[in-house]
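Read through the structure below, which is laid out as structure tokens, and then see the notes.
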Amino acid sequence: MSESCNSRHFSWLIKSCLPNPHDTPTYLSPNPIHTLTTASAATSTATTLSSLPDDLLLECLSRVSSSSLPPISAVCRRWSSLLRSPSFLLLRRSHNLLHPTIFAFSSSSSTLFAASLRFQENSWKFTTCLPIRFIELNNNNNIVHARMCAVGSRIFIICRNGLFFCYDTWSCKLSDKSPITYPRKKFATATFAGKIYVAGGGSPGGTAVEEYDPDSDTWRVVTHAPRKRFGCIGAVSDGVFYIIGGLKIGNGNEFSRAGNVGGEAAHVYASSMDLYDVEASVWLRSRAIPGGGCVVAACEAAGYVYILASHAVELSFWRFEARRRVNGGKGFGEWSRIKSPPLPAQVRLDSTVRFSFVGVENKVVLIQVAGCIDDLLRRSGRNVRGLREGLVLVYDCGGGEWSRGPDLPEVIRRAACVAVEC
């Protein structure tokens with residue numbers, strides 16, 4: 001090794017670290033002071049998250065975990081509005097942070113229970129157990145007869161006496177909303193374009209169809225139905241509000257009190273449905289359900305309206321083509337009878353049995369929310385799978401087959417169900 005250092009023996013990397021003796025030294029202040037003009041100071045202080053345009057701010061907020069959404073929505077009105085917008089839901093869905101979830105609500109004398117189900121988890125879990133301060137929800141009959149709609153991550157509960165509540169799936173809190181204009185009982189309701197539509201139910205308003213705007217918390221009458229229906233079910237597909245089944249009420253009859261129908265008035269059980277085009281504000285031709293029967297459940301899924309009809313001793317399952325913009329609308333209005341749900345033989349098809357249909361993406365979920373079990377089995381105490389209340393069956397719209405889903409939890413009985421993305 002040479003005793004003297006020669007730069008030629010150093011690599012280029014080491015030489016770059018050595019000072020060049022021919023360079024003129026430059027002396028820097030250890031703490032340089034920069035004087036900001038008024039314009040530059042204003043620019044530096046304006047670069048905050050809130051100063052971002054809506055599209056960039058939405059992109060940031062859409063990546064936040066679900067547990068952080070409640071406090072973020074309370075930051076300011078702008079952030080709260082963005083979190084409730086359709087654009088936020090689309091971004092969450094694109095990031096795989098939005099999951100279709102079924103909620104089932106039940107109540108005791110003092111507590112509101114809620115359980116949720118996601119198919120990838122294949123089990124129900126409790127999401128809330130709230131003390132009820134709303135007198136109209138204290139009675140479980142009010143829950144099972146209530147109608148529920150989902151707008152974004154919020155679930156709106158319409159009671160049969162007209163009172164109206166909102167359940168936030170982010171914060172698991174219940175709040176009051178403006179009551180419906182005309183109190184109803186066993187009415188049809190559905191959601192389209194972020195608004196809720198209500199029709200039927202023996203309302204003192206007669207044939208009035210109401211629309212609710214969650215942003216302004218206001219109700220208004222948008223049209224009048226061609227006939228009065230009591231006990232009907234609602235669904236929306238491709239911009240059309242379907243008012244399905246129920247008792248057809250005569251125009252010359254009145255109600256003794258809100259929501260109660262006399263025997264003379266309820267003279268025909270309708271196995272038909274009225275179609276209201278929400279976008280065009282016109283009524284389409286009514287459609288009759290093939291085979292008649294009593295409509296006991298209905299929902300929309302994958303561009304079809306699915307209807308479950310009871311014929312006293314059996315059930316029939318129907319699919320209605322609801323897509324008007326596919327193939328020029330050539331298939332719109334066509335009926336198809338499909339495979340009926342495989343109910344256990346011990347489930348009696350009588351007036352005590354109640355079903356709920358929930359459409360979740362390309363699946364239809366049937367939930368037995370009420371009904372009696374064979375008295376002998378009940379007294380024997382046998383715990384036979386499929387015989388108790390809370391049965392859940394899942395229909396694959398693509399495959400055309402039914403499968404068994406996880407039963408409702410024991411505490412959730414006489415439930416009201418709805419699907420929501422959260």
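For the structure tokens, the naming scheme is as follows: chains receive sequential letters (A, B, ...) according to their order of presentation, residues are indexed from 1 within each chain, and ligands are indexed from 1 in presentation order.
When the distance limit is 7 Å and only C-alpha atoms are what count, the residues near stretch 59-64 of chain A, minus those fewer than 6 positions from it on the same chain, are Phe88, Leu91 and Arg92 of chain A.
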If you run DSSP on the backbone here, which positions in stretch 54-288 of chain A get helix (DSSP H, G or I)? Please write them as a PDB file with N, CA, C and O atoms, in the first residue's frame.
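The new file states23.pdb reads:
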```pdb
ATOM      1  N   ASP A  54     -63.175  20.105  -3.969  1.00  0.00           N
ATOM      2  CA  ASP A  54     -64.017  19.004  -3.513  1.00  0.00           C
ATOM      3  C   ASP A  54     -63.550  17.643  -4.020  1.00  0.00           C
ATOM      4  O   ASP A  54     -63.578  16.662  -3.277  1.00  0.00           O
ATOM      5  N   ASP A  55     -63.112  17.569  -5.290  1.00  0.00           N
ATOM      6  CA  ASP A  55     -62.732  16.271  -5.829  1.00  0.00           C
ATOM      7  C   ASP A  55     -61.503  15.694  -5.141  1.00  0.00           C
ATOM      8  O   ASP A  55     -61.442  14.495  -4.847  1.00  0.00           O
ATOM      9  N   LEU A  56     -60.517  16.554  -4.837  1.00  0.00           N
ATOM     10  CA  LEU A  56     -59.330  16.063  -4.141  1.00  0.00           C
ATOM     11  C   LEU A  56     -59.626  15.743  -2.680  1.00  0.00           C
ATOM     12  O   LEU A  56     -59.120  14.764  -2.125  1.00  0.00           O
ATOM     13  N   LEU A  57     -60.450  16.589  -2.065  1.00  0.00           N
ATOM     14  CA  LEU A  57     -60.812  16.339  -0.670  1.00  0.00           C
ATOM     15  C   LEU A  57     -61.610  15.043  -0.547  1.00  0.00           C
ATOM     16  O   LEU A  57     -61.397  14.251   0.380  1.00  0.00           O
ATOM     17  N   LEU A  58     -62.505  14.793  -1.499  1.00  0.00           N
ATOM     18  CA  LEU A  58     -63.256  13.542  -1.495  1.00  0.00           C
ATOM     19  C   LEU A  58     -62.339  12.338  -1.650  1.00  0.00           C
ATOM     20  O   LEU A  58     -62.536  11.308  -1.004  1.00  0.00           O
ATOM     21  N   GLU A  59     -61.334  12.465  -2.487  1.00  0.00           N
ATOM     22  CA  GLU A  59     -60.391  11.369  -2.680  1.00  0.00           C
ATOM     23  C   GLU A  59     -59.659  11.045  -1.387  1.00  0.00           C
ATOM     24  O   GLU A  59     -59.414   9.873  -1.068  1.00  0.00           O
ATOM     25  N   CYS A  60     -59.321  12.075  -0.624  1.00  0.00           N
ATOM     26  CA  CYS A  60     -58.652  11.855   0.663  1.00  0.00           C
ATOM     27  C   CYS A  60     -59.596  11.241   1.686  1.00  0.00           C
ATOM     28  O   CYS A  60     -59.261  10.261   2.362  1.00  0.00           O
ATOM     29  N   LEU A  61     -60.786  11.812   1.799  1.00  0.00           N
ATOM     30  CA  LEU A  61     -61.735  11.340   2.807  1.00  0.00           C
ATOM     31  C   LEU A  61     -62.236   9.932   2.508  1.00  0.00           C
ATOM     32  O   LEU A  61     -62.560   9.179   3.428  1.00  0.00           O
ATOM     33  N   SER A  66     -63.655   3.241   8.410  1.00  0.00           N
ATOM     34  CA  SER A  66     -65.055   3.449   8.789  1.00  0.00           C
ATOM     35  C   SER A  66     -65.193   3.966  10.219  1.00  0.00           C
ATOM     36  O   SER A  66     -66.087   4.761  10.521  1.00  0.00           O
ATOM     37  N   SER A  67     -64.315   3.533  11.099  1.00  0.00           N
ATOM     38  CA  SER A  67     -64.390   3.964  12.501  1.00  0.00           C
ATOM     39  C   SER A  67     -64.102   5.452  12.670  1.00  0.00           C
ATOM     40  O   SER A  67     -64.498   6.052  13.664  1.00  0.00           O
ATOM     41  N   SER A  68     -63.410   6.057  11.694  1.00  0.00           N
ATOM     42  CA  SER A  68     -63.063   7.480  11.795  1.00  0.00           C
ATOM     43  C   SER A  68     -64.082   8.383  11.116  1.00  0.00           C
ATOM     44  O   SER A  68     -63.972   9.608  11.215  1.00  0.00           O
ATOM     45  N   LEU A  69     -65.059   7.814  10.432  1.00  0.00           N
ATOM     46  CA  LEU A  69     -66.021   8.637   9.701  1.00  0.00           C
ATOM     47  C   LEU A  69     -66.923   9.486  10.605  1.00  0.00           C
ATOM     48  O   LEU A  69     -67.202  10.637  10.263  1.00  0.00           O
ATOM     49  N   PRO A  70     -67.423   8.961  11.746  1.00  0.00           N
ATOM     50  CA  PRO A  70     -68.284   9.808  12.591  1.00  0.00           C
ATOM     51  C   PRO A  70     -67.611  11.104  13.047  1.00  0.00           C
ATOM     52  O   PRO A  70     -68.208  12.176  12.886  1.00  0.00           O
ATOM     53  N   PRO A  71     -66.384  11.085  13.600  1.00  0.00           N
ATOM     54  CA  PRO A  71     -65.780  12.367  13.993  1.00  0.00           C
ATOM     55  C   PRO A  71     -65.449  13.260  12.805  1.00  0.00           C
ATOM     56  O   PRO A  71     -65.514  14.485  12.906  1.00  0.00           O
ATOM     57  N   ILE A  72     -65.098  12.665  11.662  1.00  0.00           N
ATOM     58  CA  ILE A  72     -64.780  13.474  10.487  1.00  0.00           C
ATOM     59  C   ILE A  72     -66.017  14.203   9.987  1.00  0.00           C
ATOM     60  O   ILE A  72     -65.948  15.364   9.570  1.00  0.00           O
ATOM     61  N   SER A  73     -67.171  13.527  10.040  1.00  0.00           N
ATOM     62  CA  SER A  73     -68.400  14.170   9.566  1.00  0.00           C
ATOM     63  C   SER A  73     -68.815  15.339  10.446  1.00  0.00           C
ATOM     64  O   SER A  73     -69.627  16.174  10.026  1.00  0.00           O
ATOM     65  N   ARG A  77     -69.734  21.573   8.109  1.00  0.00           N
ATOM     66  CA  ARG A  77     -70.869  21.229   7.263  1.00  0.00           C
ATOM     67  C   ARG A  77     -70.410  20.759   5.887  1.00  0.00           C
ATOM     68  O   ARG A  77     -71.037  19.887   5.277  1.00  0.00           O
ATOM     69  N   ARG A  78     -69.361  21.368   5.392  1.00  0.00           N
ATOM     70  CA  ARG A  78     -68.868  20.972   4.067  1.00  0.00           C
ATOM     71  C   ARG A  78     -68.429  19.518   4.072  1.00  0.00           C
ATOM     72  O   ARG A  78     -68.779  18.745   3.183  1.00  0.00           O
ATOM     73  N   TRP A  79     -67.669  19.116   5.079  1.00  0.00           N
ATOM     74  CA  TRP A  79     -67.196  17.743   5.144  1.00  0.00           C
ATOM     75  C   TRP A  79     -68.370  16.784   5.325  1.00  0.00           C
ATOM     76  O   TRP A  79     -68.404  15.722   4.721  1.00  0.00           O
ATOM     77  N   SER A  80     -69.317  17.162   6.163  1.00  0.00           N
ATOM     78  CA  SER A  80     -70.488  16.317   6.375  1.00  0.00           C
ATOM     79  C   SER A  80     -71.270  16.134   5.088  1.00  0.00           C
ATOM     80  O   SER A  80     -71.733  15.035   4.769  1.00  0.00           O
ATOM     81  N   SER A  81     -71.421  17.212   4.308  1.00  0.00           N
ATOM     82  CA  SER A  81     -72.133  17.132   3.043  1.00  0.00           C
ATOM     83  C   SER A  81     -71.397  16.245   2.043  1.00  0.00           C
ATOM     84  O   SER A  81     -72.019  15.459   1.320  1.00  0.00           O
ATOM     85  N   LEU A  82     -70.081  16.350   2.000  1.00  0.00           N
ATOM     86  CA  LEU A  82     -69.296  15.521   1.081  1.00  0.00           C
ATOM     87  C   LEU A  82     -69.395  14.042   1.445  1.00  0.00           C
ATOM     88  O   LEU A  82     -69.473  13.180   0.559  1.00  0.00           O
ATOM     89  N   LEU A  83     -69.397  13.742   2.740  1.00  0.00           N
ATOM     90  CA  LEU A  83     -69.489  12.347   3.161  1.00  0.00           C
ATOM     91  C   LEU A  83     -70.849  11.732   2.845  1.00  0.00           C
ATOM     92  O   LEU A  83     -70.967  10.509   2.766  1.00  0.00           O
ATOM     93  N   PRO A  86     -73.270  11.104  -3.258  1.00  0.00           N
ATOM     94  CA  PRO A  86     -73.098   9.876  -4.052  1.00  0.00           C
ATOM     95  C   PRO A  86     -71.658   9.671  -4.508  1.00  0.00           C
ATOM     96  O   PRO A  86     -71.208   8.531  -4.646  1.00  0.00           O
ATOM     97  N   SER A  87     -70.927  10.765  -4.752  1.00  0.00           N
ATOM     98  CA  SER A  87     -69.528  10.643  -5.194  1.00  0.00           C
ATOM     99  C   SER A  87     -68.669   9.979  -4.133  1.00  0.00           C
ATOM    100  O   SER A  87     -67.769   9.186  -4.450  1.00  0.00           O
ATOM    101  N   PHE A  88     -68.936  10.282  -2.871  1.00  0.00           N
ATOM    102  CA  PHE A  88     -68.176   9.656  -1.788  1.00  0.00           C
ATOM    103  C   PHE A  88     -68.426   8.148  -1.759  1.00  0.00           C
ATOM    104  O   PHE A  88     -67.490   7.350  -1.598  1.00  0.00           O
ATOM    105  N   LEU A  89     -69.682   7.746  -1.945  1.00  0.00           N
ATOM    106  CA  LEU A  89     -70.007   6.325  -1.946  1.00  0.00           C
ATOM    107  C   LEU A  89     -69.350   5.612  -3.125  1.00  0.00           C
ATOM    108  O   LEU A  89     -68.865   4.482  -2.992  1.00  0.00           O
ATOM    109  N   LEU A  90     -69.323   6.261  -4.285  1.00  0.00           N
ATOM    110  CA  LEU A  90     -68.675   5.649  -5.453  1.00  0.00           C
ATOM    111  C   LEU A  90     -67.184   5.450  -5.212  1.00  0.00           C
ATOM    112  O   LEU A  90     -66.615   4.408  -5.586  1.00  0.00           O
ATOM    113  N   LEU A  91     -66.530   6.433  -4.599  1.00  0.00           N
ATOM    114  CA  LEU A  91     -65.102   6.312  -4.320  1.00  0.00           C
ATOM    115  C   LEU A  91     -64.844   5.220  -3.282  1.00  0.00           C
ATOM    116  O   LEU A  91     -63.904   4.433  -3.424  1.00  0.00           O
ATOM    117  N   ARG A  92     -65.669   5.175  -2.240  1.00  0.00           N
ATOM    118  CA  ARG A  92     -65.510   4.128  -1.227  1.00  0.00           C
ATOM    119  C   ARG A  92     -65.678   2.746  -1.850  1.00  0.00           C
ATOM    120  O   ARG A  92     -64.943   1.810  -1.529  1.00  0.00           O
ATOM    121  N   ARG A  93     -66.646   2.643  -2.754  1.00  0.00           N
ATOM    122  CA  ARG A  93     -66.879   1.358  -3.415  1.00  0.00           C
ATOM    123  C   ARG A  93     -65.695   0.977  -4.299  1.00  0.00           C
ATOM    124  O   ARG A  93     -65.302  -0.197  -4.364  1.00  0.00           O
ATOM    125  N   SER A  94     -65.102   1.952  -4.995  1.00  0.00           N
ATOM    126  CA  SER A  94     -63.956   1.665  -5.855  1.00  0.00           C
ATOM    127  C   SER A  94     -62.732   1.250  -5.053  1.00  0.00           C
ATOM    128  O   SER A  94     -61.870   0.536  -5.563  1.00  0.00           O
ATOM    129  N   ILE A 135     -91.079   6.839  22.280  1.00  0.00           N
ATOM    130  CA  ILE A 135     -92.186   6.027  22.773  1.00  0.00           C
ATOM    131  C   ILE A 135     -92.770   5.145  21.678  1.00  0.00           C
ATOM    132  O   ILE A 135     -93.228   4.028  21.938  1.00  0.00           O
ATOM    133  N   GLU A 136     -92.732   5.605  20.434  1.00  0.00           N
ATOM    134  CA  GLU A 136     -93.358   4.834  19.371  1.00  0.00           C
ATOM    135  C   GLU A 136     -92.545   3.604  18.976  1.00  0.00           C
ATOM    136  O   GLU A 136     -93.028   2.756  18.253  1.00  0.00           O
ATOM    137  N   LEU A 137     -91.303   3.502  19.453  1.00  0.00           N
ATOM    138  CA  LEU A 137     -90.495   2.325  19.160  1.00  0.00           C
ATOM    139  C   LEU A 137     -90.456   1.360  20.337  1.00  0.00           C
ATOM    140  O   LEU A 137     -89.819   0.314  20.259  1.00  0.00           O
ATOM    141  N   ASN A 140     -92.736  -3.609  20.203  1.00  0.00           N
ATOM    142  CA  ASN A 140     -92.117  -4.344  19.100  1.00  0.00           C
ATOM    143  C   ASN A 140     -93.020  -4.412  17.873  1.00  0.00           C
ATOM    144  O   ASN A 140     -92.549  -4.547  16.757  1.00  0.00           O
ATOM    145  N   ASN A 141     -94.333  -4.321  18.061  1.00  0.00           N
ATOM    146  CA  ASN A 141     -95.231  -4.334  16.912  1.00  0.00           C
ATOM    147  C   ASN A 141     -94.979  -3.133  16.003  1.00  0.00           C
ATOM    148  O   ASN A 141     -95.190  -3.199  14.796  1.00  0.00           O
ATOM    149  N   ASN A 142     -94.542  -2.022  16.598  1.00  0.00           N
ATOM    150  CA  ASN A 142     -94.244  -0.850  15.787  1.00  0.00           C
ATOM    151  C   ASN A 142     -93.023  -1.077  14.919  1.00  0.00           C
ATOM    152  O   ASN A 142     -92.925  -0.542  13.812  1.00  0.00           O
ATOM    153  N   ILE A 143     -92.067  -1.856  15.404  1.00  0.00           N
ATOM    154  CA  ILE A 143     -90.880  -2.155  14.606  1.00  0.00           C
ATOM    155  C   ILE A 143     -91.223  -3.103  13.467  1.00  0.00           C
ATOM    156  O   ILE A 143     -90.847  -2.883  12.316  1.00  0.00           O
ATOM    157  N   VAL A 144     -91.932  -4.179  13.752  1.00  0.00           N
ATOM    158  CA  VAL A 144     -92.216  -5.160  12.712  1.00  0.00           C
ATOM    159  C   VAL A 144     -93.135  -4.592  11.641  1.00  0.00           C
ATOM    160  O   VAL A 144     -93.102  -5.021  10.482  1.00  0.00           O
TER     161      VAL A 144
END
```
Find the residues of stretch 295-339 of chain A that sit at most 12 Å from stretch 174-192 of chain A; for each, write down the nearest two atoms and how far apart they are in Å, to one decimal. Count only C-alpha atoms. Sort by chain, then by number going up, and give it as JSON lines.
```
{"residue": "A:Val296", "atom": "CA", "partner": "A:Lys186", "partner_atom": "CA", "distance": 11.7}
{"residue": "A:Ala297", "atom": "CA", "partner": "A:Ala188", "partner_atom": "CA", "distance": 11.2}
{"residue": "A:Ala298", "atom": "CA", "partner": "A:Ala188", "partner_atom": "CA", "distance": 10.4}
{"residue": "A:Cys299", "atom": "CA", "partner": "A:Ala190", "partner_atom": "CA", "distance": 9.4}
{"residue": "A:Glu300", "atom": "CA", "partner": "A:Ala190", "partner_atom": "CA", "distance": 9.8}
```
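The shortest atom-to-atom distance to A:Arg413, with only C-alpha atoms taken into account, belongs to A:Ala370 out of A:Ala225, A:Ala199, A:Ile158, A:Ala370.
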task: Find the residues around stretch 95-105 of chain A up to 7 Å (only C-alpha atoms counted), leave out those fewer than 2 positions away in its own chain, and share them as a ChimeraX atom specification.
output: /A:91-93,107,113-118,360,412,415-422
Could the residues in this selection be written to a file with N, CA and C atoms, as a CSV table (one decimal), in the first residue's frame?
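Here's the written file part01.csv:
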```csv
chain,number,residue,atom,x,y,z
A,91,LEU,N,-66.5,6.4,-4.6
A,91,LEU,CA,-65.1,6.3,-4.3
A,91,LEU,C,-64.8,5.2,-3.3
A,92,ARG,N,-65.7,5.2,-2.2
A,92,ARG,CA,-65.5,4.1,-1.2
A,92,ARG,C,-65.7,2.7,-1.9
A,93,ARG,N,-66.6,2.6,-2.8
A,93,ARG,CA,-66.9,1.4,-3.4
A,93,ARG,C,-65.7,1.0,-4.3
A,107,SER,N,-87.1,-4.8,19.0
A,107,SER,CA,-87.1,-4.0,20.2
A,107,SER,C,-87.9,-4.7,21.3
A,113,PHE,N,-82.7,-3.2,19.5
A,113,PHE,CA,-81.6,-4.1,19.1
A,113,PHE,C,-81.4,-4.0,17.6
A,114,ALA,N,-80.2,-4.1,17.2
A,114,ALA,CA,-79.9,-4.1,15.7
A,114,ALA,C,-78.7,-5.1,15.5
A,115,ALA,N,-78.9,-5.9,14.5
A,115,ALA,CA,-77.8,-6.9,14.1
A,115,ALA,C,-77.6,-6.7,12.6
A,116,SER,N,-76.3,-7.0,12.2
A,116,SER,CA,-76.0,-6.8,10.8
A,116,SER,C,-75.3,-8.1,10.3
A,117,LEU,N,-75.5,-8.2,8.9
A,117,LEU,CA,-74.9,-9.4,8.3
A,117,LEU,C,-74.2,-9.1,7.0
A,118,ARG,N,-73.0,-9.5,6.9
A,118,ARG,CA,-72.2,-9.4,5.6
A,118,ARG,C,-71.9,-10.8,5.2
A,360,VAL,N,-79.8,-7.7,-2.3
A,360,VAL,CA,-78.4,-7.4,-2.0
A,360,VAL,C,-77.5,-7.7,-3.2
A,412,ILE,N,-83.2,-11.2,18.2
A,412,ILE,CA,-83.8,-10.4,17.2
A,412,ILE,C,-85.1,-11.2,16.7
A,415,ALA,N,-88.6,-8.9,13.4
A,415,ALA,CA,-87.7,-7.8,13.0
A,415,ALA,C,-88.2,-7.1,11.7
A,416,ALA,N,-87.6,-5.9,11.6
A,416,ALA,CA,-87.7,-5.2,10.3
A,416,ALA,C,-86.4,-5.1,9.7
A,417,CYS,N,-86.3,-5.4,8.4
A,417,CYS,CA,-85.0,-5.6,7.7
A,417,CYS,C,-84.8,-4.6,6.6
A,418,VAL,N,-83.5,-4.3,6.3
A,418,VAL,CA,-83.2,-3.4,5.2
A,418,VAL,C,-81.7,-3.7,4.8
A,419,ALA,N,-81.4,-3.4,3.6
A,419,ALA,CA,-80.0,-3.5,3.1
A,419,ALA,C,-79.4,-2.1,2.9
A,420,VAL,N,-78.1,-2.0,3.3
A,420,VAL,CA,-77.5,-0.7,3.3
A,420,VAL,C,-76.0,-0.9,2.9
A,421,GLU,N,-75.3,0.0,2.3
A,421,GLU,CA,-73.9,0.0,2.1
A,421,GLU,C,-73.2,0.8,3.1
A,422,CYS,N,-72.3,0.2,3.9
A,422,CYS,CA,-71.6,0.9,4.9
A,422,CYS,C,-70.2,0.3,5.1
```
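Here atom CA of A:Ser203 is placed at a distance of 10.1 Å from atom CA of A:Arg160.
Distances here use only C-alpha atoms; by that measure, the residue among A:Val221, A:Cys76, A:Ala280, A:Val358 closest to A:Ala150 is A:Val358.
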Quiz prompt | All strand (DSSP E) residues (DSSP, backbone) inside stretch 164-287 of chain A, as a PyMOL selection string | solution = chain A and resi 164-168+173-177+188-192+195-199+208-213+218-224+228-230+233-237+240-244+247-249+266-269+272-277+282-287
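Atom CA of A:Ser153 is positioned 24.4 Å from atom CA of A:Ile243.
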